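Engineer: model.csv is reproduced in full below (CSV, C-alpha atoms).
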chain,number,residue,atom,x,y,z
A,249,MET,CA,-141.0,30.6,164.2
A,250,THR,CA,-141.6,29.7,160.6
A,251,ARG,CA,-138.9,29.1,158.1
A,252,LEU,CA,-139.4,30.8,154.7
A,253,LEU,CA,-137.5,29.8,151.7
A,254,TYR,CA,-137.2,31.5,148.3
A,255,PHE,CA,-135.9,30.0,145.1
A,256,ALA,CA,-134.8,31.2,141.6
A,257,TRP,CA,-136.0,34.7,140.6
A,258,VAL,CA,-138.1,35.0,143.8
A,259,LYS,CA,-134.9,34.6,145.8
A,260,GLU,CA,-133.1,37.1,143.6
A,261,LYS,CA,-135.8,39.7,143.9
A,262,VAL,CA,-136.3,39.2,147.7
A,263,GLY,CA,-132.5,39.3,148.1
A,264,LYS,CA,-132.2,36.2,150.4
A,265,SER,CA,-132.7,32.5,150.2
A,266,ALA,CA,-134.1,31.9,153.7
A,267,GLU,CA,-135.3,33.6,156.9
A,268,GLU,CA,-137.1,32.8,160.1
A,269,VAL,CA,-140.2,34.8,160.8
A,270,VAL,CA,-143.0,35.1,163.3
A,271,LEU,CA,-146.2,35.1,161.3
A,272,PRO,CA,-148.9,37.6,162.3
A,273,SER,CA,-151.8,35.8,164.0
A,274,ASP,CA,-154.2,36.8,161.3
A,275,VAL,CA,-152.2,35.1,158.5
A,276,ALA,CA,-154.0,31.7,158.0
A,277,THR,CA,-153.4,30.9,154.3
A,278,VAL,CA,-150.7,31.0,151.8
A,279,ALA,CA,-152.5,33.9,150.0
A,280,GLU,CA,-152.6,35.8,153.3
A,281,LEU,CA,-149.0,35.2,153.9
A,282,ILE,CA,-148.1,36.6,150.4
A,283,ALA,CA,-150.2,39.6,151.1
A,284,TRP,CA,-148.3,40.2,154.4
A,285,LEU,CA,-144.9,39.6,152.8
A,286,LYS,CA,-145.7,42.3,150.2
A,287,THR,CA,-146.0,44.8,153.0
A,288,ARG,CA,-142.5,44.1,154.3
A,289,GLY,CA,-140.7,46.2,151.7
A,290,PRO,CA,-140.3,47.1,148.1
A,291,GLU,CA,-138.2,44.0,147.4
A,292,PHE,CA,-141.1,41.8,148.6
A,293,ALA,CA,-143.7,43.9,146.7
A,294,ASN,CA,-141.6,43.4,143.6
A,295,ALA,CA,-140.9,39.7,144.0
A,296,PHE,CA,-144.6,38.9,144.7
A,297,GLU,CA,-146.0,41.4,142.2
A,298,ARG,CA,-147.3,38.7,139.8
A,299,GLU,CA,-148.4,36.6,142.7
A,300,ASP,CA,-150.5,34.3,140.5
A,301,VAL,CA,-147.4,32.8,138.9
A,302,ILE,CA,-145.7,32.2,142.3
A,303,ARG,CA,-145.8,28.6,143.4
A,304,ALA,CA,-145.7,27.6,147.1
A,305,ALA,CA,-144.8,24.5,149.1
A,306,ILE,CA,-145.6,23.8,152.8
A,307,ASP,CA,-143.3,21.4,154.5
A,308,ARG,CA,-141.9,20.3,151.1
A,309,SER,CA,-145.3,19.5,149.4
A,310,HIS,CA,-146.8,21.7,146.6
A,311,VAL,CA,-149.9,23.6,147.8
A,312,ARG,CA,-152.3,26.1,146.3
A,313,HIS,CA,-152.6,29.7,147.5
A,314,ASP,CA,-155.8,28.9,149.4
A,315,ALA,CA,-154.0,26.2,151.5
A,316,ARG,CA,-154.0,26.8,155.2
A,317,ILE,CA,-150.7,27.2,156.9
A,318,GLY,CA,-151.6,25.5,160.1
A,319,ALA,CA,-148.5,24.3,162.0
A,320,ALA,CA,-146.2,24.6,159.0
A,321,ARG,CA,-142.5,24.7,159.8
A,322,GLU,CA,-141.2,25.5,156.3
A,323,ILE,CA,-142.9,27.5,153.6
A,324,ALA,CA,-141.2,27.9,150.2
A,325,PHE,CA,-142.0,30.3,147.3
A,326,PHE,CA,-140.7,29.8,143.8
A,327,PRO,CA,-141.5,30.3,140.1
A,328,PRO,CA,-143.0,27.5,138.1
A,329,VAL,CA,-140.5,24.7,137.9
A,330,THR,CA,-138.3,24.1,134.8
A,331,GLY,CA,-136.4,20.9,135.5
A,332,GLY,CA,-136.0,17.9,133.2
B,195,MET,CA,-134.4,4.7,142.9
B,196,ILE,CA,-133.8,8.4,142.7
B,197,ARG,CA,-130.6,10.5,142.8
B,198,VAL,CA,-129.9,14.2,142.8
B,199,GLN,CA,-126.3,15.0,142.1
B,200,HIS,CA,-123.9,17.5,140.4
B,201,GLU,CA,-121.8,14.7,138.9
B,202,ASP,CA,-122.4,13.4,135.4
B,203,PHE,CA,-123.9,9.9,134.9
B,204,ASP,CA,-123.0,7.1,132.5
B,205,ILE,CA,-126.1,5.6,131.0
B,206,GLY,CA,-124.6,2.2,130.3
B,207,ALA,CA,-123.2,1.9,133.9
B,208,GLU,CA,-126.6,3.0,135.3
B,209,ILE,CA,-128.5,0.3,133.3
B,210,ALA,CA,-125.9,-2.3,134.3
B,211,ARG,CA,-126.3,-1.5,138.0
B,212,LEU,CA,-130.1,-1.4,137.8
B,213,THR,CA,-130.5,-4.7,136.1
B,214,GLN,CA,-127.5,-6.7,137.6
B,215,GLY,CA,-128.5,-10.2,138.4
B,216,ARG,CA,-132.1,-9.8,137.2
B,217,ARG,CA,-133.6,-12.4,134.9
B,218,ASP,CA,-137.2,-11.0,135.0
B,219,ILE,CA,-136.6,-7.9,132.8
B,220,GLY,CA,-137.6,-8.0,129.1
B,221,ALA,CA,-137.6,-4.3,128.2
B,222,ILE,CA,-135.5,-1.3,129.3
B,223,VAL,CA,-136.3,2.2,128.2
B,224,THR,CA,-134.1,5.2,128.9
B,225,PHE,CA,-134.7,8.9,128.4
B,226,THR,CA,-131.8,11.4,128.7
B,227,GLY,CA,-132.4,15.2,128.8
B,228,THR,CA,-129.4,17.4,127.8
B,229,VAL,CA,-128.5,21.1,127.8
B,230,ARG,CA,-129.6,22.6,124.5
B,231,ASP,CA,-128.2,25.8,123.0
B,232,GLN,CA,-131.0,26.6,120.6
B,233,SER,CA,-129.7,29.9,119.2
B,234,GLY,CA,-126.0,29.8,119.9
B,235,ALA,CA,-126.5,32.2,122.8
B,236,VAL,CA,-126.1,29.8,125.7
B,237,ASP,CA,-122.7,29.2,127.3
B,238,GLN,CA,-123.8,27.9,130.6
B,239,MET,CA,-126.9,26.5,132.3
B,240,SER,CA,-127.2,26.6,136.1
B,241,ILE,CA,-129.7,24.4,137.7
B,242,GLU,CA,-131.0,25.3,141.2
B,243,HIS,CA,-133.1,22.9,143.2
B,244,TYR,CA,-134.9,22.6,146.6
B,245,PRO,CA,-132.8,20.1,148.6
B,246,GLY,CA,-135.2,17.8,150.5
B,247,MET,CA,-138.3,18.6,148.5
B,248,THR,CA,-136.6,17.5,145.2
B,249,GLU,CA,-135.9,14.1,146.6
B,250,SER,CA,-139.4,13.7,148.1
B,251,GLU,CA,-141.1,14.8,144.8
B,252,LEU,CA,-139.0,12.5,142.7
B,253,ALA,CA,-139.7,9.6,145.1
B,254,ARG,CA,-143.4,10.5,145.0
B,255,ILE,CA,-143.4,10.5,141.2
B,256,GLU,CA,-141.6,7.2,141.0
B,257,ALA,CA,-144.0,5.6,143.4
B,258,GLU,CA,-146.9,6.9,141.3
B,259,ALA,CA,-145.4,5.3,138.2
B,260,CYS,CA,-144.9,2.0,140.0
B,261,ALA,CA,-148.6,2.1,141.1
B,262,ARG,CA,-149.7,2.6,137.5
B,263,TRP,CA,-147.4,0.2,135.7
B,264,LYS,CA,-145.8,-3.1,136.5
B,265,LEU,CA,-142.1,-2.1,136.6
B,266,GLN,CA,-139.3,-4.4,137.5
B,267,ALA,CA,-137.0,-1.5,138.2
B,268,SER,CA,-136.8,2.3,137.7
B,269,LEU,CA,-134.3,5.0,138.2
B,270,ILE,CA,-134.4,8.8,138.0
B,271,VAL,CA,-131.1,10.8,138.1
B,272,HIS,CA,-131.2,14.6,137.9
B,273,ARG,CA,-128.2,16.9,138.0
B,274,TYR,CA,-127.9,20.4,139.5
B,275,GLY,CA,-125.2,23.1,139.4
B,276,THR,CA,-123.4,24.6,136.4
B,277,LEU,CA,-123.6,22.7,133.1
B,278,ALA,CA,-122.7,23.4,129.5
B,279,PRO,CA,-124.5,22.8,126.2
B,280,GLY,CA,-124.4,19.1,125.4
B,281,ASP,CA,-124.1,18.1,129.1
B,282,ASN,CA,-126.5,15.5,130.5
B,283,ILE,CA,-129.3,16.9,132.8
B,284,VAL,CA,-131.6,14.1,133.6
B,285,LEU,CA,-131.8,10.3,133.1
B,286,VAL,CA,-134.9,8.2,133.5
B,287,VAL,CA,-134.7,4.4,133.2
B,288,THR,CA,-137.6,2.1,133.3
B,289,ALA,CA,-137.5,-1.7,133.1
B,290,SER,CA,-140.4,-4.1,132.7
B,291,GLU,CA,-141.4,-7.5,131.4
B,292,HIS,CA,-142.8,-6.1,128.2
B,293,ARG,CA,-142.0,-2.8,126.3
B,294,ASP,CA,-145.4,-1.0,126.7
B,295,ALA,CA,-145.0,-0.5,130.5
B,296,ALA,CA,-141.4,0.7,130.2
B,297,PHE,CA,-142.2,3.2,127.4
B,298,ASP,CA,-145.3,4.6,129.0
B,299,ALA,CA,-143.8,4.8,132.5
B,300,ALA,CA,-140.7,6.6,131.2
B,301,ARG,CA,-142.8,9.2,129.4
B,302,PHE,CA,-145.0,9.6,132.5
B,303,LEU,CA,-142.0,10.1,134.8
B,304,MET,CA,-140.6,12.8,132.6
B,305,ASP,CA,-143.9,14.6,132.2
B,306,TYR,CA,-144.5,14.6,135.9
B,307,LEU,CA,-140.9,15.5,136.8
B,308,LYS,CA,-141.1,18.5,134.5
B,309,SER,CA,-144.2,19.9,136.1
B,310,SER,CA,-143.5,19.1,139.7
B,311,ALA,CA,-139.9,18.5,140.6
B,312,PRO,CA,-138.5,21.7,142.1
B,313,PHE,CA,-135.7,22.5,139.7
B,314,TRP,CA,-135.1,25.9,138.0
B,315,LYS,CA,-132.8,26.5,135.0
B,316,ARG,CA,-130.9,29.7,134.4
B,317,GLU,CA,-129.2,30.2,131.0
B,318,SER,CA,-126.3,32.6,130.6
B,319,GLY,CA,-124.2,33.5,127.5
B,320,LYS,CA,-124.2,36.0,124.7
B,321,GLY,CA,-128.0,36.2,124.9
B,322,GLY,CA,-127.7,37.5,128.5
B,323,ASN,CA,-128.6,35.9,131.7
B,324,HIS,CA,-132.2,34.7,132.4
B,325,TRP,CA,-134.3,32.1,134.1
B,326,VAL,CA,-135.9,29.7,131.7
B,327,GLU,CA,-139.7,30.2,131.5
B,328,ALA,CA,-141.9,27.2,132.3
B,329,SER,CA,-143.6,25.8,129.2
B,330,ALA,CA,-147.4,25.5,129.1
B,331,SER,CA,-147.0,22.3,127.0
B,332,ASP,CA,-145.3,20.6,130.0
B,333,ASP,CA,-148.3,21.3,132.2
B,334,ALA,CA,-150.6,20.1,129.4
B,335,ALA,CA,-148.6,16.9,129.2
B,336,THR,CA,-149.1,16.2,132.9
B,337,ALA,CA,-152.8,17.2,132.7
B,338,SER,CA,-153.3,14.6,129.9
B,339,TRP,CA,-152.0,11.9,132.2
B,340,ASN,CA,-154.5,13.0,134.9
B,341,LYS,CA,-157.3,12.9,132.4
B,342,LYS,CA,-156.3,9.4,131.3
B,343,HIS,CA,-156.2,8.4,135.0
B,344,ALA,CA,-159.7,9.8,135.6
B,345,ALA,CA,-161.0,7.9,132.6
B,346,GLU,CA,-159.6,4.6,133.8
Let's see the structure in the file written out as structure tokens.

Structural biologist:
Amino acid sequence: MTRLLYFAWVKEKVGKSAEEVVLPSDVATVAELIAWLKTRGPEFANAFEREDVIRAAIDRSHVRHDARIGAAREIAFFPPVTGG
Amino acid sequence: MIRVQHEDFDIGAEIARLTQGRRDIGAIVTFTGTVRDQSGAVDQMSIEHYPGMTESELARIEAEACARWKLQASLIVHRYGTLAPGDNIVLVVTASEHRDAAFDAARFLMDYLKSSAPFWKRESGKGGNHWVEASASDDAATASWNKKHAAE
């Protein structure tokens, strides 16, 4: 199982903040994970519509969309950060 | 040191705690970020963050500053939750022997924090309810540090 987390407007659009999923075996990168998520329902298609603006983190470190998921336990998706 | 908290902070008390008993500090720089209501349309600002990653990102940024400058002490405090215009959001304190390191490190910490610490601001009020958009100038500020680093 992999824990997926969503923050800010990604969370609002998806309608949940976290879930545990079994990733399909052909999902190897963050970009492939996003493509798969978009097939899971209109809320996911909507949340990830502008996928180039979505940021990702694997096990709490920022990663690019071409990053490999490997043995990740926690993958998070969120908009560009706006702290400070 | 880094702290992520809902509670407000007292700048004087934070400096006193950071520098207590120290005789090797000659310069202290602080930066405070506050909630701004630019157009009279903001009643509240809610700040969400990613518990766990926030702390590790702030610690990473602080370690990076300590690797670049000789700092005697440093502190980052960032608030989350519901705040109002005028409220404190973030505090950065840097202490060094001479002022240049403290000034430069404080600016570096803020620039990096803005582009990588996982916080998201949502404004609500007369102007409606919306997530604050990330600013391209924040990413540019971070990129300029990377360029300086590459040139060194």

Engineer: Write out as a PDB file with C-alpha atoms, keeping the file's coordinate frame the residues lying within 9 Å of Lys320 (chain B), counting all atoms listed in the file and excluding same-chain residues fewer than 4 positions away.

Structural biologist:
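For reference, around19.pdb as written:
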ATOM      1  CA  GLY B 234    -126.000  29.800 119.900  1.00  0.00           C
ATOM      2  CA  ALA B 235    -126.500  32.200 122.800  1.00  0.00           C
ATOM      3  CA  VAL B 236    -126.100  29.800 125.700  1.00  0.00           C
ATOM      4  CA  ASP B 237    -122.700  29.200 127.300  1.00  0.00           C
TER       5      ASP B 237
END

Engineer: Closest to chain B among A:Val311, A:Leu253, A:Val270, A:Val329, using all atoms listed in the file?

Structural biologist: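 For chain B, the nearest of the given residues is A:Val329.
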
Engineer: Taking all atoms listed in the file into account, find every residue of chain A that has an atom no more than 12 Å from chain B, and write it out as an NGL selection string.

Structural biologist: :A and (253-260 or 265-266 or 301-311 or 322-332)

Engineer: Would you compute the distance between CA of Gly206 (chain B) and CA of Ile219 (chain B)? Give it in Å to one decimal.

Structural biologist: 15.9 Å

Engineer: Can you list, as a PyMOL selection string, every protein, DNA or RNA residue that comes within 9 Å of Ala279 (chain A) when you count all atoms listed in the file, leaving out same-chain residues fewer than 6 positions away?

Structural biologist: chain A and resi 299+312-316

Engineer: How many Å separate CA of Ala344 (chain B) from CA of Glu258 (chain B)?

Structural biologist: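 Between CA of Ala344 (chain B) and CA of Glu258 (chain B) the gap works out to 14.3 Å.
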
Engineer: In Å, rounded to a single decimal, give me how far CA of Glu267 (chain A) is from CA of Asn294 (chain A).

Structural biologist: 17.7 Å

Engineer: Can you pull out every residue within 9 Å of Thr213 (chain B), counting all atoms listed in the file, but drop anything in the same chain fewer than 6 positions away, and send it as an MDAnalysis selection string?

Structural biologist: chainID B and resid 219 266:267 289

Engineer: Would you mind exporting C-alpha atoms of the selected residues as an mmCIF file, in the coordinates of the input?

Structural biologist:
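What landed in out-v6.cif:
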data_model
loop_
_atom_site.group_PDB
_atom_site.id
_atom_site.type_symbol
_atom_site.label_atom_id
_atom_site.label_comp_id
_atom_site.auth_asym_id
_atom_site.auth_seq_id
_atom_site.Cartn_x
_atom_site.Cartn_y
_atom_site.Cartn_z
ATOM 1 C CA ILE B 219 -136.600 -7.900 132.800
ATOM 2 C CA GLN B 266 -139.300 -4.400 137.500
ATOM 3 C CA ALA B 267 -137.000 -1.500 138.200
ATOM 4 C CA ALA B 289 -137.500 -1.700 133.100
#

Engineer: Restricting the calculation to all atoms listed in the file, which member of B:Val223, B:Ala278, B:Ala257, B:Val287 is positioned closest to Asp202 (chain B)?

Structural biologist: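 Among the listed residues, B:Ala278 lies closest to Asp202 (chain B).
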